[in-house]
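Engineer: The structure under discussion is supplied below as structure tokens; questions concerning it will follow.
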Amino acid sequence: MTISHAPASAAQAPSDIAALITDSRSFARPEKVHGAFAWLRANQPVSRAVTPNFDPFWVVTKHQDILDIERQSDIFHNGDRSTVLIPQDLLRGIEQTMHSPHLTRSIVNMDDREHRLYRSLTQSWFMPGNVKKLSDRIRSIARSHIDRMIARGGACDFVSDVALHFPLHVVMEILGVPEEDEGRMLVLTQQLFGARDPELGRKPDAATDSVSDLSMLEAVLGDFHSYFAKLTADRRENPRDDVATVIANALIDGKPIAEHEANGYYVLIATAGHDTTSASTAGAIWALAERPDLLRQVQADPSLITGLVEEAIRWTTPVKHFMRTATQDYELRGQQIKAGDWLLLSFLSANRDEEVFDDPHDFRVDRPLNRQVAFGYGAHACLGQHLAKLEMRILLEELLPRIRSIELNGTPEWTQSIFVSGPKHLPIRFEAA
Ligand code: HEM
């Protein structure tokens with residue numbers, strides 16, 4: 001990418017870059033965004049973005065800096081301002097309506113003791129030991145999705161036919177949402193994460209201004225909440241072995257958690273738990289479809305699947321960023337961050353950091369140590385990361401022996417979103433084994 005403008009000041013990101021990385025449409029053209037972040041890493045790894053529609057924020061692009069910030073969760077908070085980069089007028093609207101910078105209350109926007117207490121309610125469900133116990137069930141779900149794919153007779157859109165539904169089914173079983181309601185959960189998640197994508201947003205033309213954004217998001221959350229209110233009532237009456245039962249009956253300091261907190265928890269798991277994994281699973285298949293040599297290599301040596309999973313997660317980086325707020329002044333690479341400043345941690349950029357990854361734009365399954373940071377790090381590190389990796393591994397283990405070849409059958413498309421995005425359509429042709 002050619003950057004036309006010299007930086008306005010030592011710390012300020014060039015305005016064309018600031019505009020690009022705040023525009024959801026750019027994320028449907030990843031090469032442009034990667035070009036912008038590569039420029040920032042090389043020239044201004046910590047810079048201030050000042051654009052007309054957003055409160056000013058720092059852009060943190062280096063792998064090491066993101067780890068350092070995430071490690072210091074006492075200094076860099078999640079609760080004080082929005083944890084997602086959203087336009088100024090949407091933010092002001094949320095503050096006025098919710099009396100908080102957040103649309104929902106969940107562990108993502110809690111800090112310190114409160115965060116630890118609420119996270120620990122469900123944590124054991126997602127730890128490797130428990131997730132491993134689910135392997136057989138996950139394998140059987142994977143097989144049924146692959147059977148359906150093969151039955152399509154040699155061509156499909158891997159995203160809409162397989163990738164969207166497999167992780168959705170797994171996480172909904174864990175949560176306790178019945179199969180007949182999965183479609184509804186999928187649409188609501190896409191409306192939340194893909195609000196600005198004309199195909200996925202709730203209105204036909206997607207959200208075009210922040211006032212309509214806010215009413216749309218409130219409507220989507222309202223739908224989630226009315227669904228989950230019934231689930232809470234049911235699990236209090238009829239407890240089962242699922243995460244909904246844990247949330248519905250949760251006590252913090254001996255008292256039941258508030259209804260809006262239970263709702264926030266359900267919405268977090270019901271959304272974070274599938275769209276992300278769908279994106280990285282599609283990323284893996286995209287790489288295999290473009291690289292017959294790679295397909296042959298992993299088919300011949302299935303022990304490479306672990307490396308394929310890590311690399312697909314790095315390459316796709318489904319969650320592009322999270323925001324933090326500094327609670328005290330802090331110096332980072334010579335830049336003076338002030339208490340109250342807002343920071344964008346670009347996982348997308350960190351995962352292409354040339355100081356950490358050789359040939360960062362190449363897809364390589366044999367990276368000796370893949371230090372991808374797509375799951376974040378520290379206190380808020382992704383709760384579902386072991387589940388996500390297990391699901392991807394099992395799907396690939398089951399799929400690879402069932403196909404002889406796979407290739408692109410059209411042009412893949414990416415979701416337009418600055419927060420969670422991945423392949424939206426992945427047309428493929430395949431030959432069954
Ligand atoms: C948090 C990415 C799958 C549940 C996060 C964060 C990232 C992330 C970047 C924030 C980390 C931070 O702030 O340091 C991903 C990716 C996934 C994935 C890339 C798939 C490839 C899942 C799954 C679940 C899940 C399957 C299932 C429940 C959560 C939860 C949090 C979270 C509950 C909040 C943790 C906290 O704030 O303490 N994820 N995630 N994620 N993720 Fe995931």
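The way I read the labels, and the way they are meant: chains A, B, ... in the order of the structure tokens, residue 1 as the first residue of every chain, and ligand 1 as the first ligand shown, with later ones counted on from there.
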Can you pull out every residue with an atom within 7 Å of ligand 1? Use only C-alpha atoms and all ligand atoms and format it as a ChimeraX atom specification.

Structural biologist: /A:70,107-109,115,119,171,268-269,272-274,276-277,280,313,317-319,321-322,374-385,387-389

Engineer: For A:Thr316, list every protein, DNA or RNA residue within 9 Å, evaluated using only C-alpha atoms, and leave out those in the same chain fewer than 3 positions away; present the list as number ranges by chain.

Structural biologist: A: 279-284, 311-313, 319, 348, 374, 421-423

Engineer: Between A:Ile75, A:Leu231, A:Ala151, A:Ile94, single out the one closest to A:Gln328, counting only C-alpha atoms.

Structural biologist: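 Looking only at the distances to A:Gln328, the closest residue turns out to be A:Ile75.
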
Engineer: Can you build me a table of stretch 360-429 of chain A residues sitting at most 8 Å from stretch 180-195 of chain A, with the closest atom pair per residue and its distance in Å to one decimal, using only C-alpha atoms, sorted by chain and residue number, as JSON lines?

Structural biologist:
```
{"residue": "A:Thr415", "atom": "CA", "partner": "A:Gly194", "partner_atom": "CA", "distance": 6.9}
{"residue": "A:Gln416", "atom": "CA", "partner": "A:Gly194", "partner_atom": "CA", "distance": 6.6}
{"residue": "A:Ser417", "atom": "CA", "partner": "A:Gly194", "partner_atom": "CA", "distance": 5.8}
{"residue": "A:Phe419", "atom": "CA", "partner": "A:Phe193", "partner_atom": "CA", "distance": 7.0}
{"residue": "A:Val420", "atom": "CA", "partner": "A:Phe193", "partner_atom": "CA", "distance": 6.0}
{"residue": "A:Ser421", "atom": "CA", "partner": "A:Gly194", "partner_atom": "CA", "distance": 7.8}
```

Engineer: If you keep N, CA, C and O atoms, can you produce a file of those selected residues as an mmCIF file, in the first residue's frame?

Structural biologist:
```cif
data_model
loop_
_atom_site.group_PDB
_atom_site.id
_atom_site.type_symbol
_atom_site.label_atom_id
_atom_site.label_comp_id
_atom_site.auth_asym_id
_atom_site.auth_seq_id
_atom_site.Cartn_x
_atom_site.Cartn_y
_atom_site.Cartn_z
ATOM 1 N N THR A 415 -16.567 -10.372 5.721
ATOM 2 C CA THR A 415 -17.574 -9.552 6.407
ATOM 3 C C THR A 415 -17.039 -8.140 6.583
ATOM 4 O O THR A 415 -15.860 -7.945 6.872
ATOM 5 N N GLN A 416 -17.925 -7.164 6.457
ATOM 6 C CA GLN A 416 -17.529 -5.777 6.731
ATOM 7 C C GLN A 416 -17.730 -5.501 8.219
ATOM 8 O O GLN A 416 -18.849 -5.252 8.651
ATOM 9 N N SER A 417 -16.673 -5.574 8.975
ATOM 10 C CA SER A 417 -16.799 -5.253 10.404
ATOM 11 C C SER A 417 -15.424 -4.927 10.958
ATOM 12 O O SER A 417 -14.460 -5.630 10.650
ATOM 13 N N PHE A 419 -14.752 -5.169 14.068
ATOM 14 C CA PHE A 419 -14.609 -5.903 15.329
ATOM 15 C C PHE A 419 -14.432 -7.407 15.100
ATOM 16 O O PHE A 419 -13.341 -7.939 15.274
ATOM 17 N N VAL A 420 -15.483 -8.099 14.698
ATOM 18 C CA VAL A 420 -15.352 -9.535 14.416
ATOM 19 C C VAL A 420 -15.628 -9.735 12.925
ATOM 20 O O VAL A 420 -16.716 -9.408 12.452
ATOM 21 N N SER A 421 -14.642 -10.212 12.200
ATOM 22 C CA SER A 421 -14.910 -10.483 10.788
ATOM 23 C C SER A 421 -14.058 -11.624 10.285
ATOM 24 O O SER A 421 -13.011 -11.945 10.850
#
```

Engineer: At a cut-off of 9 Å, using only C-alpha atoms, what residues contact stretch 424-431 of chain A? Leave out same-chain residues fewer than 4 positions from it and give the result as an MDAnalysis selection string.

Structural biologist: chainID A and resid 150 153:160 279 282 285:286 289 402:416

Engineer: Among the residues of stretch 209-417 of chain A, find those DSSP assigns to helix (DSSP H, G or I) from the backbone and print them as a VMD selection string.

Structural biologist: chain A and resid 210 to 237 243 to 248 259 to 272 275 to 290 292 to 300 302 to 316 347 to 350 378 to 380 385 to 402

Engineer: Give me, please, the distance in Å between atom CA of A:Thr327 and atom CA of A:Trp58, quoted to one decimal.

Structural biologist: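 These atoms are spaced 14.1 Å apart.
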
Engineer: Select, from A:Phe166, A:Phe224, A:Phe27, A:Trp315, the residue with the minimum atom-to-atom distance to A:Asp359, counting only C-alpha atoms.

Structural biologist: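 So, comparing all the options, the nearest one is A:Trp315.
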
Engineer: Hey, could you make a per-residue contact list for stretch 316-420 of chain A against stretch 296-308 of chain A with 7 Å as the cut-off, showing the nearest pair of atoms and its distance in Å to one decimal, counting only C-alpha atoms, sorted by chain and number, as CSV?

Structural biologist:
```
residue,atom,partner,partner_atom,distance
A:Val365,CA,A:Gly307,CA,4.7
A:Asp366,CA,A:Gly307,CA,6.1
A:Arg393,CA,A:Ile305,CA,6.4
A:Leu400,CA,A:Gln299,CA,6.1
A:Pro401,CA,A:Gln299,CA,6.9
```

Engineer: Would you list the contacts of A:Met323 as a PyMOL selection string, taking every protein, DNA or RNA residue within 8 Å and counting only C-alpha atoms, but skipping same-chain residues closer than 3 positions in sequence?

Structural biologist: chain A and resi 78+82-85+342-345

Engineer: Selected residues, C-alpha atoms, written as a compact mmCIF listing (two decimals), in the first residue's frame, please.

Structural biologist:
```txt
# COMPACT_ATOMS: atom_id res chain seq x y z
CA ASN A 78 -12.04 -2.84 30.38
CA SER A 82 -16.27 0.91 25.55
CA THR A 83 -14.23 -2.25 24.92
CA VAL A 84 -15.08 -2.03 21.21
CA LEU A 85 -14.25 0.90 18.94
CA TRP A 342 -8.50 4.97 25.10
CA LEU A 343 -6.28 2.34 23.43
CA LEU A 344 -7.02 0.04 20.50
CA LEU A 345 -5.14 -3.25 20.79
```

Engineer: Would you mind telling me which residue in A:Ser124, A:Thr61, A:Gln96, A:Ser73 lies nearest to A:Phe37 when using only C-alpha atoms?

Structural biologist: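 Closest to A:Phe37, using only C-alpha atoms: A:Thr61.
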
Engineer: Counting only C-alpha atoms, which of A:Asp23, A:Glu391, A:Asp353, A:Glu398 gets nearest to A:Ala42?

Structural biologist: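 Of the candidates, the smallest distance to A:Ala42 is held by A:Asp353.
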
Engineer: Which of stretch 142-290 of chain A counts as strand (DSSP E) under DSSP, as an mmCIF file with C-alpha atoms, in the first residue's frame please?

Structural biologist:
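Result file result-v4.cif:
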```cif
data_model
loop_
_atom_site.group_PDB
_atom_site.id
_atom_site.type_symbol
_atom_site.label_atom_id
_atom_site.label_comp_id
_atom_site.auth_asym_id
_atom_site.auth_seq_id
_atom_site.Cartn_x
_atom_site.Cartn_y
_atom_site.Cartn_z
ATOM 1 C CA ALA A 155 -19.667 -27.790 -4.457
ATOM 2 C CA CYS A 156 -20.807 -25.595 -1.593
ATOM 3 C CA ASP A 157 -20.334 -22.287 0.160
ATOM 4 C CA LEU A 251 -24.487 -16.439 43.278
ATOM 5 C CA ILE A 252 -21.900 -13.715 43.780
ATOM 6 C CA LYS A 255 -26.559 -13.162 46.254
ATOM 7 C CA PRO A 256 -28.151 -14.124 42.912
#
```
